[in-house]
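Asks: Quick one: structure below, then a few questions.
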Amino acid sequence: MAALLVDETTHEAPRQNGRGGSTRQRQPWSHVLLIILAAYFLIPLWWLVVASTKDINGLFTGAHGPMWFDAHFNLVTNIKQLSTQNGGLYWRWLGNSFLYAFTAGVGATVLAVLAGYGFAKYKFRGRNLFFAMLLGSVMVPLTALVIPTFVLLARFHLTNTIWAVILPSLLNPFGVYLMRVYAQDAVPDEMLDAARIDGAGEVRTFFSVALPLLKPALVTVLLLSVVGTWNNYFLPLAVLSDTKLLPITVGLGAWQAQSTSAAAGSQLWNLVVTGSLISIIPLIISFLVLQRYWQSGLSLGSLK
């Protein structure tokens, strides 16, 4: 009898889903789809790594093709040339990107957390109207706001300054929406009422009770704000004219335009590719370091 039960257990028929198909039979297809998606996102990154190790001739006439390394490894040479081109202007651009992304990212996160928490936990006149206007602003493309932003900044004589990039980047309507949606469920009203009954003020209640619960969403908004400011291209291109104030995106775009219109002997394609590789390293490190906060947020949601 025991052998029969073991045999029946080990030869259990695959479970049927609602449409009569086997769940086990669909798993390989999902794995194939995930592999295809992973390759779709990783192949450009692999090409960038490979291309950064080549010189200009190797980029266009490499013996092993564009997806594999050449016999000569020129990554170190490209980095040295990158450091000396235009007096090391690339590192100035990289520092500008750090300044813009960090300042605007932190500022946008602070405003989004405060506004989202206020929309979620306080009742005031016109709350729904203001939030509807906020959602409407999410639908407006950022590129459509660049020219009006430029006119406004020019009136206050802020163009061609660091504030021309930082101040518009402080506004993150999607971050406010995300914080409100998260705060509604992650911060129970009972905990806030209990803190108020114990004599805590609104500021202390926010920092002691609400803010620790909002940490996963806070990190998410911070990363989105930092990445959005780091990758911003059109706004700095419109409001900055001093090459020493350009971020890495606009600076590399200028080198690319120079390489496109220049003679073959003065092309900078190897520097553009190598600079692009270096510019994404800080973003990758940020995601790897802060991903544990997302995991804690997922576990928090599973307990609710």
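Chain labels run A, B, ... following the order of the structure tokens; each chain numbers its residues from 1, and ligands are numbered from 1 in the order shown.
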I'd like the neighbourhood of segment 164-172 of chain A as an NGL selection string, where a residue qualifies if any of its atoms comes within 10 Å (using only C-alpha atoms), though same-chain residues fewer than 6 positions away should be ignored.

Replies: :A and (99-112 or 134 or 137-138 or 145-146 or 149-150 or 152-154 or 157-158 or 221 or 224-226 or 228-229 or 232 or 235-240 or 245-247)

Asks: Just to be explicit: take each residue in the selection above, keep C-alpha atoms, and write the result as an mmCIF file, in the first residue's frame.

Replies:
```
data_model
loop_
_atom_site.group_PDB
_atom_site.id
_atom_site.type_symbol
_atom_site.label_atom_id
_atom_site.label_comp_id
_atom_site.auth_asym_id
_atom_site.auth_seq_id
_atom_site.Cartn_x
_atom_site.Cartn_y
_atom_site.Cartn_z
ATOM 1 C CA LEU A 99 25.808 67.640 -8.710
ATOM 2 C CA TYR A 100 22.611 67.968 -10.700
ATOM 3 C CA ALA A 101 21.417 64.424 -10.042
ATOM 4 C CA PHE A 102 22.199 64.408 -6.311
ATOM 5 C CA THR A 103 20.825 67.883 -5.558
ATOM 6 C CA ALA A 104 17.730 67.595 -7.700
ATOM 7 C CA GLY A 105 17.152 63.951 -6.732
ATOM 8 C CA VAL A 106 17.237 64.611 -2.997
ATOM 9 C CA GLY A 107 15.177 67.790 -3.329
ATOM 10 C CA ALA A 108 12.557 66.149 -5.526
ATOM 11 C CA THR A 109 12.315 63.202 -3.119
ATOM 12 C CA VAL A 110 11.797 65.469 -0.096
ATOM 13 C CA LEU A 111 9.048 67.413 -1.855
ATOM 14 C CA ALA A 112 7.403 64.222 -3.149
ATOM 15 C CA LEU A 134 -1.207 66.765 -10.343
ATOM 16 C CA SER A 137 0.629 67.214 -15.152
ATOM 17 C CA VAL A 138 1.997 63.667 -15.254
ATOM 18 C CA LEU A 145 7.700 72.276 -20.888
ATOM 19 C CA VAL A 146 11.305 73.062 -21.794
ATOM 20 C CA THR A 149 10.739 76.843 -18.532
ATOM 21 C CA PHE A 150 13.505 78.547 -20.484
ATOM 22 C CA LEU A 152 10.644 81.741 -17.124
ATOM 23 C CA LEU A 153 14.268 81.185 -16.138
ATOM 24 C CA ALA A 154 15.456 83.854 -18.561
ATOM 25 C CA HIS A 157 18.308 85.686 -15.154
ATOM 26 C CA LEU A 158 18.906 82.063 -14.175
ATOM 27 C CA VAL A 221 11.307 57.950 -5.784
ATOM 28 C CA LEU A 224 13.672 57.607 -10.262
ATOM 29 C CA SER A 225 14.493 61.262 -9.617
ATOM 30 C CA VAL A 226 18.239 60.713 -9.759
ATOM 31 C CA GLY A 228 15.677 61.122 -14.561
ATOM 32 C CA THR A 229 17.959 64.072 -13.811
ATOM 33 C CA ASN A 232 17.998 64.548 -18.836
ATOM 34 C CA LEU A 235 16.526 70.746 -20.599
ATOM 35 C CA PRO A 236 20.310 71.273 -20.090
ATOM 36 C CA LEU A 237 20.727 71.624 -23.846
ATOM 37 C CA ALA A 238 18.209 74.486 -23.884
ATOM 38 C CA VAL A 239 19.202 76.380 -20.735
ATOM 39 C CA LEU A 240 23.005 75.956 -20.706
ATOM 40 C CA LEU A 245 28.353 73.586 -16.947
ATOM 41 C CA LEU A 246 27.112 70.824 -19.256
ATOM 42 C CA PRO A 247 26.133 67.427 -17.830
#
```

Asks: Just the residues within 10 Å of segment 189-191 of chain A, please, counting only C-alpha atoms, with nothing from its chain fewer than 3 positions along; format it as a list in words.

Replies: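 These residues fall inside the cut-off: Lys121, Gln184, Asp185, Ala186, Ala194, Ala195, Arg196, Ile197, Thr205, Val209 and Ala210 of chain A.
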
Asks: Give me every alpha helix (DSSP H) residue in segment 106-181 of chain A, going by DSSP on the backbone, as number ranges by chain.

Replies: A: 106-121, 127-138, 146-155, 163-169, 173-181

Asks: Which value, in Å to one decimal, gives the distance between atom CA of Ala183 of chain A and atom CA of Ser208 of chain A?

Replies: 14.5 Å

Asks: Would you mind reading off the distance between atom CA of Leu290 of chain A and atom CA of Ala120 of chain A, one decimal, in Å?

Replies: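 Distance between the two atoms: 25.1 Å.
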
Asks: Report, in Å with one decimal, the straight-line distance from atom CA of Ile162 of chain A to atom CA of Gly88 of chain A.

Replies: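 For atom CA of Ile162 of chain A relative to atom CA of Gly88 of chain A, the distance reads 19.9 Å.
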
Asks: For Val273 of chain A, which of A:Ser52, A:Ser97, A:Thr159, A:Asn128 is the closest residue, counting only C-alpha atoms?

Replies: A:Ser52

Asks: What's the 10 Å shell around Leu277 of chain A, counting only C-alpha atoms, without same-chain residues fewer than 6 positions away, as a VMD selection string?

Replies: chain A and resid 45 48 to 52 271

Asks: I need the residue nearest Trp269 of chain A from this list: A:Tyr90, A:Trp255, A:Phe98, A:Phe207. Use only C-alpha atoms for the distance.

Replies: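 That would be A:Trp255, the residue with the smallest distance to Trp269 of chain A.
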